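Source file: final-v7.pdb; contents: PDB, C-alpha atoms.
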ATOM      1  CA  MET A  28     -22.715 139.910  48.235
ATOM      2  CA  ASP A  29     -20.106 140.995  50.701
ATOM      3  CA  PHE A  30     -16.733 140.308  49.091
ATOM      4  CA  ASP A  31     -14.901 140.002  52.385
ATOM      5  CA  LEU A  32     -17.185 137.450  54.043
ATOM      6  CA  ALA A  33     -17.338 135.150  51.020
ATOM      7  CA  PHE A  34     -13.592 135.419  50.495
ATOM      8  CA  ILE A  35     -12.846 134.744  54.169
ATOM      9  CA  TRP A  36     -15.069 131.675  54.164
ATOM     10  CA  ALA A  37     -13.471 130.360  50.978
ATOM     11  CA  GLY A  38     -10.123 130.691  52.717
ATOM     12  CA  LEU A  39     -11.368 128.870  55.826
ATOM     13  CA  ILE A  40     -12.793 125.998  53.769
ATOM     14  CA  ALA A  41      -9.542 125.749  51.802
ATOM     15  CA  LEU A  42      -7.536 125.782  55.045
ATOM     16  CA  SER A  43      -9.664 122.986  56.522
ATOM     17  CA  VAL A  44      -9.186 120.829  53.424
ATOM     18  CA  LEU A  45      -5.433 121.483  53.391
ATOM     19  CA  ILE A  46      -5.062 120.592  57.087
ATOM     20  CA  TYR A  47      -7.058 117.414  56.494
ATOM     21  CA  VAL A  48      -4.846 116.402  53.567
ATOM     22  CA  ILE A  49      -1.691 117.097  55.572
ATOM     23  CA  LEU A  50      -2.822 115.310  58.739
ATOM     24  CA  ASP A  51      -4.846 112.398  57.399
ATOM     25  CA  GLY A  52      -2.619 111.926  54.351
ATOM     26  CA  PHE A  53       0.202 110.208  56.228
ATOM     27  CA  ASP A  54      -2.387 108.290  58.267
ATOM     28  CA  LEU A  55      -3.940 106.845  55.086
ATOM     29  CA  GLY A  56      -0.426 106.349  53.749
ATOM     30  CA  LEU A  57       0.348 103.949  56.605
ATOM     31  CA  GLY A  58      -2.559 101.767  55.556
ATOM     32  CA  ILE A  59      -1.455 101.833  51.921
ATOM     33  CA  LEU A  60       2.001 100.652  53.036
ATOM     34  CA  PHE A  61       0.595  97.864  55.233
ATOM     35  CA  PRO A  62       1.224  95.008  52.731
ATOM     36  CA  LEU A  63       4.875  96.093  52.488
ATOM     37  CA  ALA A  64       5.510  95.629  56.207
ATOM     38  CA  LYS A  65       7.768  92.684  56.951
ATOM     39  CA  SER A  66       5.960  91.349  60.026
ATOM     40  CA  HIS A  67       2.991  91.738  62.359
ATOM     41  CA  GLN A  68       5.308  93.587  64.717
ATOM     42  CA  GLU A  69       6.033  96.210  62.065
ATOM     43  CA  ARG A  70       2.308  96.613  61.425
ATOM     44  CA  ASP A  71       1.750  97.042  65.160
ATOM     45  CA  LEU A  72       4.341  99.816  65.233
ATOM     46  CA  MET A  73       2.819 101.494  62.184
ATOM     47  CA  MET A  74      -0.628 101.603  63.768
ATOM     48  CA  ASN A  75       0.676 102.648  67.173
ATOM     49  CA  SER A  76       2.500 105.598  65.608
ATOM     50  CA  VAL A  77      -0.855 107.219  64.743
ATOM     51  CA  ALA A  78      -3.101 105.678  67.411
ATOM     52  CA  PRO A  79      -3.258 108.847  69.565
ATOM     53  CA  VAL A  80      -4.139 111.187  66.680
ATOM     54  CA  TRP A  81      -5.728 109.321  63.766
ATOM     55  CA  ASP A  82      -9.382 109.938  64.666
ATOM     56  CA  GLY A  83      -8.788 113.626  65.389
ATOM     57  CA  ASN A  84      -7.248 114.088  61.953
ATOM     58  CA  GLU A  85     -10.603 113.419  60.292
ATOM     59  CA  THR A  86     -12.231 116.260  62.218
ATOM     60  CA  TRP A  87     -10.982 118.568  59.484
ATOM     61  CA  LEU A  88     -12.821 116.599  56.802
ATOM     62  CA  VAL A  89     -16.072 117.034  58.715
ATOM     63  CA  LEU A  90     -15.331 120.718  59.232
ATOM     64  CA  GLY A  91     -14.604 121.301  55.536
ATOM     65  CA  GLY A  92     -17.671 119.391  54.333
ATOM     66  CA  GLY A  93     -19.970 120.919  56.936
ATOM     67  CA  GLY A  94     -18.638 124.394  56.221
ATOM     68  CA  LEU A  95     -19.228 123.944  52.492
ATOM     69  CA  PHE A  96     -22.841 122.926  53.148
ATOM     70  CA  ALA A  97     -23.461 125.853  55.517
ATOM     71  CA  VAL A  98     -21.837 128.764  53.688
ATOM     72  CA  PHE A  99     -21.648 127.649  50.042
ATOM     73  CA  PRO A 100     -24.939 125.743  49.650
ATOM     74  CA  LEU A 101     -25.065 126.101  45.865
ATOM     75  CA  ALA A 102     -21.570 124.651  45.502
ATOM     76  CA  TYR A 103     -22.553 121.779  47.807
ATOM     77  CA  ALA A 104     -25.734 121.157  45.797
ATOM     78  CA  VAL A 105     -23.721 120.949  42.563
ATOM     79  CA  VAL A 106     -20.647 119.070  43.783
ATOM     80  CA  MET A 107     -22.479 116.304  45.688
ATOM     81  CA  PRO A 108     -24.509 114.891  42.763
ATOM     82  CA  ALA A 109     -21.508 115.291  40.461
ATOM     83  CA  LEU A 110     -19.172 113.389  42.810
ATOM     84  CA  TYR A 111     -21.677 111.261  44.684
ATOM     85  CA  MET A 112     -20.059 107.923  43.867
ATOM     86  CA  PRO A 113     -16.411 108.703  44.808
ATOM     87  CA  ILE A 114     -17.492 110.625  47.918
ATOM     88  CA  MET A 115     -19.739 107.822  49.183
ATOM     89  CA  LEU A 116     -17.057 105.210  48.468
ATOM     90  CA  MET A 117     -14.527 107.346  50.343
ATOM     91  CA  LEU A 118     -16.782 107.661  53.386
ATOM     92  CA  LEU A 119     -17.547 103.936  53.447
ATOM     93  CA  ALA A 120     -13.834 103.163  53.127
ATOM     94  CA  LEU A 121     -13.050 105.461  56.055
ATOM     95  CA  VAL A 122     -15.709 103.705  58.148
ATOM     96  CA  PHE A 123     -14.305 100.242  57.388
ATOM     97  CA  ARG A 124     -10.808 101.549  58.032
ATOM     98  CA  GLY A 125     -11.787 102.943  61.424
ATOM     99  CA  VAL A 126     -13.478  99.684  62.425
ATOM    100  CA  SER A 127     -10.416  97.715  61.323
ATOM    101  CA  PHE A 128      -8.160  99.979  63.371
ATOM    102  CA  GLU A 129      -9.898  98.993  66.603
ATOM    103  CA  TYR A 130     -10.897  95.397  65.826
ATOM    104  CA  ARG A 131      -7.364  94.471  64.810
ATOM    105  CA  TRP A 132      -6.365  94.739  68.479
ATOM    106  CA  ARG A 133      -9.571  93.366  69.997
ATOM    107  CA  ASP A 134      -9.971  90.373  67.675
ATOM    108  CA  PRO A 135      -6.477  88.890  67.245
ATOM    109  CA  ARG A 136      -7.867  85.642  65.815
ATOM    110  CA  HIS A 137      -8.903  87.491  62.657
ATOM    111  CA  ARG A 138      -6.026  89.959  62.571
ATOM    112  CA  GLY A 139      -5.171  89.035  58.982
ATOM    113  CA  LEU A 140      -8.694  89.972  57.874
ATOM    114  CA  TRP A 141      -8.523  93.327  59.659
ATOM    115  CA  ASP A 142      -5.114  93.997  58.117
ATOM    116  CA  VAL A 143      -6.647  93.509  54.660
ATOM    117  CA  THR A 144      -9.623  95.749  55.407
ATOM    118  CA  PHE A 145      -7.364  98.415  56.897
ATOM    119  CA  PHE A 146      -5.256  98.391  53.739
ATOM    120  CA  GLY A 147      -8.315  98.304  51.464
ATOM    121  CA  GLY A 148     -10.068 101.124  53.310
ATOM    122  CA  SER A 149      -6.953 103.304  53.200
ATOM    123  CA  LEU A 150      -6.337 102.625  49.508
ATOM    124  CA  ILE A 151      -9.930 103.217  48.410
ATOM    125  CA  ALA A 152     -10.293 106.376  50.522
ATOM    126  CA  ALA A 153      -7.096 107.867  49.084
ATOM    127  CA  LEU A 154      -7.978 106.855  45.515
ATOM    128  CA  CYS A 155     -11.472 108.338  45.782
ATOM    129  CA  GLN A 156     -10.122 111.589  47.209
ATOM    130  CA  GLY A 157      -7.776 111.908  44.246
ATOM    131  CA  ILE A 158     -10.491 111.027  41.732
ATOM    132  CA  ALA A 159     -12.881 113.575  43.271
ATOM    133  CA  LEU A 160     -10.143 116.203  43.094
ATOM    134  CA  GLY A 161      -9.441 115.413  39.446
ATOM    135  CA  ALA A 162     -13.130 115.501  38.572
ATOM    136  CA  LEU A 163     -13.462 118.919  40.217
ATOM    137  CA  VAL A 164     -10.391 120.292  38.443
ATOM    138  CA  GLN A 165     -11.549 119.088  35.019
ATOM    139  CA  GLY A 166     -14.821 120.960  35.524
ATOM    140  CA  ILE A 167     -18.429 120.245  36.462
ATOM    141  CA  LYS A 168     -21.315 120.960  34.075
ATOM    142  CA  VAL A 169     -23.818 123.421  35.530
ATOM    143  CA  GLU A 170     -27.072 124.664  33.989
ATOM    144  CA  GLY A 171     -29.611 126.802  35.791
ATOM    145  CA  ARG A 172     -27.825 126.524  39.151
ATOM    146  CA  ALA A 173     -27.916 122.700  39.079
ATOM    147  CA  TYR A 174     -25.650 119.852  38.051
ATOM    148  CA  ALA A 175     -26.206 119.037  34.377
ATOM    149  CA  GLY A 176     -23.727 116.224  33.823
ATOM    150  CA  GLY A 177     -24.014 112.456  33.791
ATOM    151  CA  TRP A 178     -23.631 109.834  36.505
ATOM    152  CA  PHE A 179     -20.088 108.885  35.470
ATOM    153  CA  ASP A 180     -18.685 112.271  34.395
ATOM    154  CA  TRP A 181     -16.299 112.057  37.360
ATOM    155  CA  LEU A 182     -14.562 109.069  35.787
ATOM    156  CA  SER A 183     -11.960 110.111  33.224
ATOM    157  CA  PRO A 184      -8.280 109.504  32.423
ATOM    158  CA  PHE A 185      -7.384 112.741  34.198
ATOM    159  CA  SER A 186      -9.322 111.920  37.382
ATOM    160  CA  LEU A 187      -7.827 108.422  37.469
ATOM    161  CA  MET A 188      -4.373 109.963  37.091
ATOM    162  CA  THR A 189      -4.976 112.306  40.024
ATOM    163  CA  GLY A 190      -6.332 109.375  42.030
ATOM    164  CA  VAL A 191      -3.147 107.374  41.515
ATOM    165  CA  ALA A 192      -1.056 110.469  42.276
ATOM    166  CA  VAL A 193      -2.810 110.953  45.630
ATOM    167  CA  VAL A 194      -2.348 107.275  46.543
ATOM    168  CA  ILE A 195       1.400 107.367  45.819
ATOM    169  CA  GLY A 196       1.738 110.756  47.510
ATOM    170  CA  TYR A 197      -0.022 109.572  50.675
ATOM    171  CA  ALA A 198       2.213 106.492  50.737
ATOM    172  CA  LEU A 199       5.209 108.839  50.605
ATOM    173  CA  LEU A 200       3.833 110.829  53.545
ATOM    174  CA  GLY A 201       3.290 107.605  55.487
ATOM    175  CA  ALA A 202       6.832 106.383  54.822
ATOM    176  CA  CYS A 203       8.347 109.730  55.830
ATOM    177  CA  TRP A 204       6.208 109.799  58.982
ATOM    178  CA  LEU A 205       7.590 106.410  60.000
ATOM    179  CA  VAL A 206      11.143 107.554  59.236
ATOM    180  CA  MET A 207      10.541 110.357  61.730
ATOM    181  CA  LYS A 208       8.744 108.290  64.376
ATOM    182  CA  THR A 209      10.555 104.932  64.436
ATOM    183  CA  GLU A 210      13.984 103.401  64.833
ATOM    184  CA  GLY A 211      15.633 100.148  63.869
ATOM    185  CA  ASP A 212      14.663  97.880  60.982
ATOM    186  CA  ILE A 213      11.329  99.526  60.201
ATOM    187  CA  HIS A 214      13.011 102.936  60.127
ATOM    188  CA  HIS A 215      15.548 101.799  57.528
ATOM    189  CA  HIS A 216      12.901  99.874  55.596
ATOM    190  CA  MET A 217      10.687 102.954  55.272
ATOM    191  CA  ARG A 218      13.616 105.173  54.346
ATOM    192  CA  ARG A 219      14.363 102.816  51.441
ATOM    193  CA  LEU A 220      10.712 102.775  50.382
ATOM    194  CA  ALA A 221      10.440 106.570  50.548
ATOM    195  CA  ARG A 222      12.904 107.129  47.704
ATOM    196  CA  PRO A 223      10.953 105.384  44.901
ATOM    197  CA  LEU A 224       7.714 106.752  46.338
ATOM    198  CA  ALA A 225       9.170 110.258  46.156
ATOM    199  CA  LEU A 226      10.193 109.759  42.528
ATOM    200  CA  GLY A 227       6.729 108.404  41.662
ATOM    201  CA  THR A 228       4.969 111.249  43.468
ATOM    202  CA  LEU A 229       7.031 113.939  41.754
ATOM    203  CA  ALA A 230       6.619 112.306  38.331
ATOM    204  CA  LEU A 231       2.830 112.168  38.727
ATOM    205  CA  ILE A 232       2.711 115.751  40.017
ATOM    206  CA  GLY A 233       4.613 116.777  36.887
ATOM    207  CA  VAL A 234       2.180 114.952  34.586
ATOM    208  CA  VAL A 235      -0.905 116.375  36.320
ATOM    209  CA  SER A 236       0.620 119.881  36.379
ATOM    210  CA  LEU A 237       1.339 119.800  32.645
ATOM    211  CA  TRP A 238      -2.109 118.379  31.887
ATOM    212  CA  THR A 239      -4.161 120.803  34.015
ATOM    213  CA  PRO A 240      -3.614 124.041  32.012
ATOM    214  CA  PHE A 241      -5.097 122.383  28.925
ATOM    215  CA  LEU A 242      -8.356 121.414  30.657
ATOM    216  CA  GLU A 243      -9.755 124.956  30.769
ATOM    217  CA  PRO A 244      -8.621 128.156  28.986
ATOM    218  CA  VAL A 245      -8.658 130.061  32.275
ATOM    219  CA  TYR A 246      -6.137 127.625  33.760
ATOM    220  CA  PHE A 247      -3.798 128.128  30.824
ATOM    221  CA  ALA A 248      -4.113 131.914  31.102
ATOM    222  CA  ARG A 249      -3.276 131.838  34.817
ATOM    223  CA  TRP A 250      -0.050 129.916  34.305
ATOM    224  CA  PHE A 251       1.298 131.130  30.982
ATOM    225  CA  ASN A 252       0.080 134.685  30.316
ATOM    226  CA  LEU A 253       2.406 137.548  31.255
ATOM    227  CA  PRO A 254       2.764 139.320  33.638
ATOM    228  CA  GLY A 255       0.785 136.966  35.892
ATOM    229  CA  SER A 256       2.967 133.982  35.040
ATOM    230  CA  LEU A 257       5.924 135.732  36.683
ATOM    231  CA  TRP A 258       4.180 135.212  40.044
ATOM    232  CA  THR A 259       3.173 131.625  39.323
ATOM    233  CA  LEU A 260       6.828 130.763  38.705
ATOM    234  CA  CYS A 261       7.203 130.864  42.488
ATOM    235  CA  VAL A 262       5.345 127.537  42.700
ATOM    236  CA  PRO A 263       7.800 125.426  40.613
ATOM    237  CA  ALA A 264      10.709 127.235  42.271
ATOM    238  CA  LEU A 265       9.412 126.294  45.718
ATOM    239  CA  MET A 266       8.797 122.728  44.523
ATOM    240  CA  ALA A 267      12.424 122.490  43.418
ATOM    241  CA  VAL A 268      13.652 123.585  46.853
ATOM    242  CA  LEU A 269      11.343 121.163  48.668
ATOM    243  CA  THR A 270      12.355 118.303  46.367
ATOM    244  CA  TRP A 271      16.004 118.993  47.161
ATOM    245  CA  LYS A 272      15.235 119.045  50.898
ATOM    246  CA  LEU A 273      13.288 115.776  50.600
ATOM    247  CA  PHE A 274      16.072 113.823  48.908
ATOM    248  CA  THR A 275      18.908 115.328  50.928
ATOM    249  CA  GLY A 276      16.994 114.388  54.079
ATOM    250  CA  LEU A 277      16.413 110.825  52.898
ATOM    251  CA  ASN A 278      19.977 110.353  51.702
ATOM    252  CA  GLY A 279      21.656 112.235  54.539
ATOM    253  CA  GLY A 280      20.047 110.420  57.434
ATOM    254  CA  ALA A 281      17.795 113.244  58.681
ATOM    255  CA  ASP A 282      14.614 112.012  60.359
ATOM    256  CA  SER A 283      12.222 114.979  60.420
ATOM    257  CA  GLN A 284      13.358 116.778  57.261
ATOM    258  CA  PRO A 285      11.864 114.308  54.724
ATOM    259  CA  PHE A 286       8.431 114.417  56.379
ATOM    260  CA  LEU A 287       8.374 118.212  56.597
ATOM    261  CA  ALA A 288       9.535 118.501  52.981
ATOM    262  CA  ALA A 289       6.845 116.064  51.822
ATOM    263  CA  LEU A 290       4.201 118.086  53.678
ATOM    264  CA  GLY A 291       5.569 121.209  51.986
ATOM    265  CA  ILE A 292       5.225 119.556  48.572
ATOM    266  CA  PHE A 293       1.560 118.803  49.244
ATOM    267  CA  ALA A 294       0.941 122.342  50.496
ATOM    268  CA  THR A 295       2.644 123.807  47.423
ATOM    269  CA  CYS A 296       0.490 121.663  45.120
ATOM    270  CA  PHE A 297      -2.547 122.967  47.001
ATOM    271  CA  VAL A 298      -1.410 126.534  46.392
ATOM    272  CA  GLY A 299      -1.012 125.708  42.712
ATOM    273  CA  LEU A 300      -4.603 124.490  42.599
ATOM    274  CA  GLY A 301      -5.707 127.704  44.270
ATOM    275  CA  ILE A 302      -3.942 129.747  41.601
ATOM    276  CA  SER A 303      -5.784 127.799  38.895
ATOM    277  CA  PHE A 304      -9.183 127.931  40.640
ATOM    278  CA  PHE A 305      -9.524 131.423  42.066
ATOM    279  CA  PRO A 306     -12.135 132.925  42.087
ATOM    280  CA  MET A 307     -14.100 129.820  41.074
ATOM    281  CA  MET A 308     -15.712 127.631  43.695
ATOM    282  CA  VAL A 309     -16.965 125.072  41.155
ATOM    283  CA  PRO A 310     -14.967 125.273  37.926
ATOM    284  CA  PRO A 311     -15.573 126.474  35.331
ATOM    285  CA  SER A 312     -18.796 128.391  35.993
ATOM    286  CA  LEU A 313     -19.554 129.095  39.677
ATOM    287  CA  THR A 314     -17.541 131.754  41.479
ATOM    288  CA  ILE A 315     -17.123 132.116  45.233
ATOM    289  CA  TRP A 316     -19.706 134.887  45.401
ATOM    290  CA  GLN A 317     -22.279 133.125  43.221
ATOM    291  CA  ALA A 318     -22.128 130.011  45.415
ATOM    292  CA  ALA A 319     -22.093 131.783  48.791
ATOM    293  CA  ALA A 320     -25.007 131.983  51.240
ATOM    294  CA  PRO A 321     -26.600 135.360  52.163
ATOM    295  CA  ASP A 322     -24.507 137.853  54.106
ATOM    296  CA  LYS A 323     -26.321 137.287  57.407
ATOM    297  CA  SER A 324     -25.745 133.545  57.218
ATOM    298  CA  LEU A 325     -22.055 134.045  56.458
ATOM    299  CA  ALA A 326     -21.633 136.453  59.359
ATOM    300  CA  PHE A 327     -23.526 134.221  61.820
ATOM    301  CA  ALA A 328     -21.518 131.129  60.876
ATOM    302  CA  LEU A 329     -18.255 133.062  61.008
ATOM    303  CA  VAL A 330     -18.805 133.906  64.684
ATOM    304  CA  GLY A 331     -18.983 130.212  65.522
ATOM    305  CA  ALA A 332     -16.021 129.378  63.310
ATOM    306  CA  LEU A 333     -13.818 131.997  64.949
ATOM    307  CA  PHE A 334     -14.463 130.297  68.293
ATOM    308  CA  LEU A 335     -14.323 126.684  67.063
ATOM    309  CA  LEU A 336     -11.237 126.805  64.836
ATOM    310  CA  PRO A 337      -8.753 127.934  67.537
ATOM    311  CA  VAL A 338     -10.081 125.210  69.863
ATOM    312  CA  ILE A 339      -9.593 122.474  67.258
ATOM    313  CA  LEU A 340      -6.199 123.828  66.225
ATOM    314  CA  GLY A 341      -5.108 124.043  69.858
ATOM    315  CA  TYR A 342      -6.241 120.504  70.653
ATOM    316  CA  THR A 343      -4.577 119.133  67.513
ATOM    317  CA  ALA A 344      -1.304 120.897  68.246
ATOM    318  CA  TYR A 345      -1.377 119.722  71.876
ATOM    319  CA  ALA A 346      -1.997 116.086  70.870
ATOM    320  CA  TYR A 347       0.952 116.076  68.482
ATOM    321  CA  TRP A 348       3.136 117.806  71.068
ATOM    322  CA  VAL A 349       2.327 115.263  73.781
ATOM    323  CA  PHE A 350       3.113 112.313  71.503
ATOM    324  CA  ARG A 351       6.139 113.880  69.820
ATOM    325  CA  GLY A 352       9.460 112.129  69.368
ATOM    326  CA  LYS A 353      10.421 108.567  68.577
ATOM    327  CA  MET A 354       8.192 105.653  69.504
ATOM    328  CA  ASN A 355       9.272 103.115  72.069
ATOM    329  CA  PRO A 356       8.429  99.717  70.491
ATOM    330  CA  SER A 357       7.809  98.204  73.919
ATOM    331  CA  GLU A 358       5.228 100.834  74.849
ATOM    332  CA  GLY A 359       2.193 100.746  72.578
ATOM    333  CA  TYR A 360      -0.939 102.837  72.921
ATOM    334  CA  HIS A 361      -3.271  99.820  72.846
TER     335      HIS A 361
END

Give the structure from the file, written as structure tokens.
Amino acid sequence: MDFDLAFIWAGLIALSVLIYVILDGFDLGLGILFPLAKSHQERDLMMNSVAPVWDGNETWLVLGGGGLFAVFPLAYAVVMPALYMPIMLMLLALVFRGVSFEYRWRDPRHRGLWDVTFFGGSLIAALCQGIALGALVQGIKVEGRAYAGGWFDWLSPFSLMTGVAVVIGYALLGACWLVMKTEGDIHHHMRRLARPLALGTLALIGVVSLWTPFLEPVYFARWFNLPGSLWTLCVPALMAVLTWKLFTGLNGGADSQPFLAALGIFATCFVGLGISFFPMMVPPSLTIWQAAAPDKSLAFALVGALFLLPVILGYTAYAYWVFRGKMNPSEGYH
């Protein structure tokens, strides 16, 4: 197995997942915050703030899942049966959420129903993503290159904790996004909501971070054995800086700083997971190289990825650039 190709593909899959979490996280967070909006007008503004970009955000989920199937088929074959229930619930929730997004504007007579389904789809999708993450971190039983666990092994106190953490964290991203994109009453409302959401997110990150090293011996060794732990100290140090930037931005009246700091917190948590995982693709038994496809398949797929990724990145960056700045409440996108 070619070390470089497998390693490069693991990095590309990880990058796709991280971009998805960053981009679709605040989008799902808006739906989670929907019941806390004070009026239909506020809900209209919340949806209009992501209307130009919400569907493109989910491209990265397709790219990450499709890439896993193509270049790490063994990992896909193990992870899917292990996490079938939360993954299917997440996909169904995203479908209902997407339908609600459009029908809310086209069917005003039943707008209350579509508001509920938009909230429910966002909440369930975020919760299932967190549960799937927790189930993967706690480890998947593998025997003879196949999943050897039970139907409900994904459901545990740890996975439920990570599910709740992702829900609260996405709500924080959504609130900070609206602080950056809106003005007036909704802007001040979301700034007030962001503070307790930030405290809840950081508290849950702390609990999950302290719990994770005790799930597998290799996790504990990565974080607490010298001299390697000297490098891992960079993660909590960076978290401290980002936490300071988040609260100073919320308390000091900055609009973009809280959102960028919240994105940085998510990215730092992702790096922490990478430190715990590497070089495992499916903890605790399948490494990147064991799960990877043959060299020729990796090389062939990489050619397409090197063309496709810059196109998607360029389109995504252009879309956010075109719709940058504060929203004008009188000019919706629907």

**Item:** Ground truth for the PyMOL selection byres ((chain A and resi 167) around 7), written as a VMD selection string
**Value:** chain A and resid 163 166 168 to 169 309 to 311

Export, as a PDB file, in the coordinates of the input, the selected residues with C-alpha atoms.
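To be explicit, this is the file written out as result.pdb:
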ATOM      1  CA  LEU A 163     -13.462 118.919  40.217  1.00  0.00           C
ATOM      2  CA  GLY A 166     -14.821 120.960  35.524  1.00  0.00           C
ATOM      3  CA  LYS A 168     -21.315 120.960  34.075  1.00  0.00           C
ATOM      4  CA  VAL A 169     -23.818 123.421  35.530  1.00  0.00           C
ATOM      5  CA  VAL A 309     -16.965 125.072  41.155  1.00  0.00           C
ATOM      6  CA  PRO A 310     -14.967 125.273  37.926  1.00  0.00           C
ATOM      7  CA  PRO A 311     -15.573 126.474  35.331  1.00  0.00           C
TER       8      PRO A 311
END

**Request:** Evaluate the PyMOL selection byres ((chain A and resi 298) around 12) and record the selected residues as a list of chain:residue names, following the chain and residue labels used in the document.
**Result:** A:Gly38, A:Ala41, A:Leu42, A:Val44, A:Leu45, A:Thr259, A:Cys261, A:Val262, A:Pro263, A:Leu265, A:Met266, A:Gly291, A:Ile292, A:Phe293, A:Ala294, A:Thr295, A:Cys296, A:Phe297, A:Gly299, A:Leu300, A:Gly301, A:Ile302, A:Ser303, A:Phe304, A:Phe305

Apply the PyMOL selection byres ((chain A and resi 195) around 12) to the file shown and report the selected residues as an mmCIF file with C-alpha atoms, keeping the file's coordinate frame.
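Contents of result_14.cif, freshly written:
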data_model
loop_
_atom_site.group_PDB
_atom_site.id
_atom_site.type_symbol
_atom_site.label_atom_id
_atom_site.label_comp_id
_atom_site.auth_asym_id
_atom_site.auth_seq_id
_atom_site.Cartn_x
_atom_site.Cartn_y
_atom_site.Cartn_z
ATOM 1 C CA GLY A 52 -2.619 111.926 54.351
ATOM 2 C CA PHE A 53 0.202 110.208 56.228
ATOM 3 C CA LEU A 55 -3.940 106.845 55.086
ATOM 4 C CA GLY A 56 -0.426 106.349 53.749
ATOM 5 C CA LEU A 57 0.348 103.949 56.605
ATOM 6 C CA GLY A 58 -2.559 101.767 55.556
ATOM 7 C CA ILE A 59 -1.455 101.833 51.921
ATOM 8 C CA LEU A 60 2.001 100.652 53.036
ATOM 9 C CA SER A 149 -6.953 103.304 53.200
ATOM 10 C CA LEU A 150 -6.337 102.625 49.508
ATOM 11 C CA ALA A 153 -7.096 107.867 49.084
ATOM 12 C CA LEU A 154 -7.978 106.855 45.515
ATOM 13 C CA GLY A 157 -7.776 111.908 44.246
ATOM 14 C CA MET A 188 -4.373 109.963 37.091
ATOM 15 C CA THR A 189 -4.976 112.306 40.024
ATOM 16 C CA GLY A 190 -6.332 109.375 42.030
ATOM 17 C CA VAL A 191 -3.147 107.374 41.515
ATOM 18 C CA ALA A 192 -1.056 110.469 42.276
ATOM 19 C CA VAL A 193 -2.810 110.953 45.630
ATOM 20 C CA VAL A 194 -2.348 107.275 46.543
ATOM 21 C CA GLY A 196 1.738 110.756 47.510
ATOM 22 C CA TYR A 197 -0.022 109.572 50.675
ATOM 23 C CA ALA A 198 2.213 106.492 50.737
ATOM 24 C CA LEU A 199 5.209 108.839 50.605
ATOM 25 C CA LEU A 200 3.833 110.829 53.545
ATOM 26 C CA GLY A 201 3.290 107.605 55.487
ATOM 27 C CA ALA A 202 6.832 106.383 54.822
ATOM 28 C CA LEU A 220 10.712 102.775 50.382
ATOM 29 C CA ALA A 221 10.440 106.570 50.548
ATOM 30 C CA ARG A 222 12.904 107.129 47.704
ATOM 31 C CA PRO A 223 10.953 105.384 44.901
ATOM 32 C CA LEU A 224 7.714 106.752 46.338
ATOM 33 C CA ALA A 225 9.170 110.258 46.156
ATOM 34 C CA LEU A 226 10.193 109.759 42.528
ATOM 35 C CA GLY A 227 6.729 108.404 41.662
ATOM 36 C CA THR A 228 4.969 111.249 43.468
ATOM 37 C CA LEU A 229 7.031 113.939 41.754
ATOM 38 C CA ALA A 230 6.619 112.306 38.331
ATOM 39 C CA LEU A 231 2.830 112.168 38.727
ATOM 40 C CA ILE A 232 2.711 115.751 40.017
ATOM 41 C CA ALA A 289 6.845 116.064 51.822
ATOM 42 C CA PHE A 293 1.560 118.803 49.244
#

**Asked** Could you name the residues that touch Ser186 (chain A) at 12 Å or less, counting all atoms listed in the file, but leaving out those on the same chain fewer than 5 positions away, as number ranges by chain?
**Response** A: 110, 113, 154-166, 179-181, 191-193, 235, 238-239, 242

**Prompt:** So, counting only C-alpha atoms, which residue among A:Phe61, A:Trp36, A:Phe241, A:Tyr342 is closest to Gly94 (chain A)?
**Reply:** A:Trp36

**Message:** Considering only C-alpha atoms, can you say which of A:Ile213, A:Ala175, A:Val80, A:Ala328 comes closest to Pro108 (chain A)?
**Reply:** A:Ala175

**Atomic distance CA of Tyr103 (chain A) - CA of Trp316 (chain A), expressed in Å with one decimal** =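 These two atoms are separated by 13.6 Å.
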
**Message:** Taking all atoms listed in the file into account, name the residue in A:Pro135, A:Pro285, A:Gly176, A:Gly125 that is nearest to Ala152 (chain A).
**Reply:**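 Closest to Ala152 (chain A) of all the choices is A:Gly125.
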
**Request:** In Å, rounded to a single decimal, give me how far CA of Leu273 (chain A) is from CA of Ala288 (chain A).
**Result:**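 Those two atoms sit 5.2 Å apart.
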
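Distance annotation: of A:Val143, A:Ile114, A:Ala326, A:Met354, the residue with the minimal separation from Pro79 (chain A) is A:Met354; atom set is only C-alpha atoms.
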
**Prompt:** In Å, with one decimal, what is the gap from CA of Tyr111 (chain A) to CA of Gly92 (chain A)?
**Reply:**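 For CA of Tyr111 (chain A) relative to CA of Gly92 (chain A), the distance reads 13.2 Å.
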
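Each of A:Met207, A:Leu32, A:Val106, A:Leu140 was compared to Ser76 (chain A) using all atoms listed in the file, and A:Met207 turns out to be the nearest.
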
**Top pick for closest residue to Leu63 (chain A), considering A:Val245, A:Arg219, A:Phe334, A:Ala318 and counting all atoms listed in the file** =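 Smallest separation from Leu63 (chain A) among the options: A:Arg219.
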
**Item:** Surrounding residues of Ile339 (chain A) excluding itself and chain neighbours under 4 positions, 10 Å, all atoms listed in the file, as an NGL selection string
**Value:** :A and (83 or 86-87 or 334-335 or 343-345)

As lines of an AutoDock Vina configuration file: centre and edge lengths in Å, one decimal, of the axis-aligned box holding region 138-152 of chain A with 8 Å per side:
center_x = -7.7
center_y = 97.7
center_z = 55.5
size_x = 21.2
size_y = 33.3
size_z = 30.2
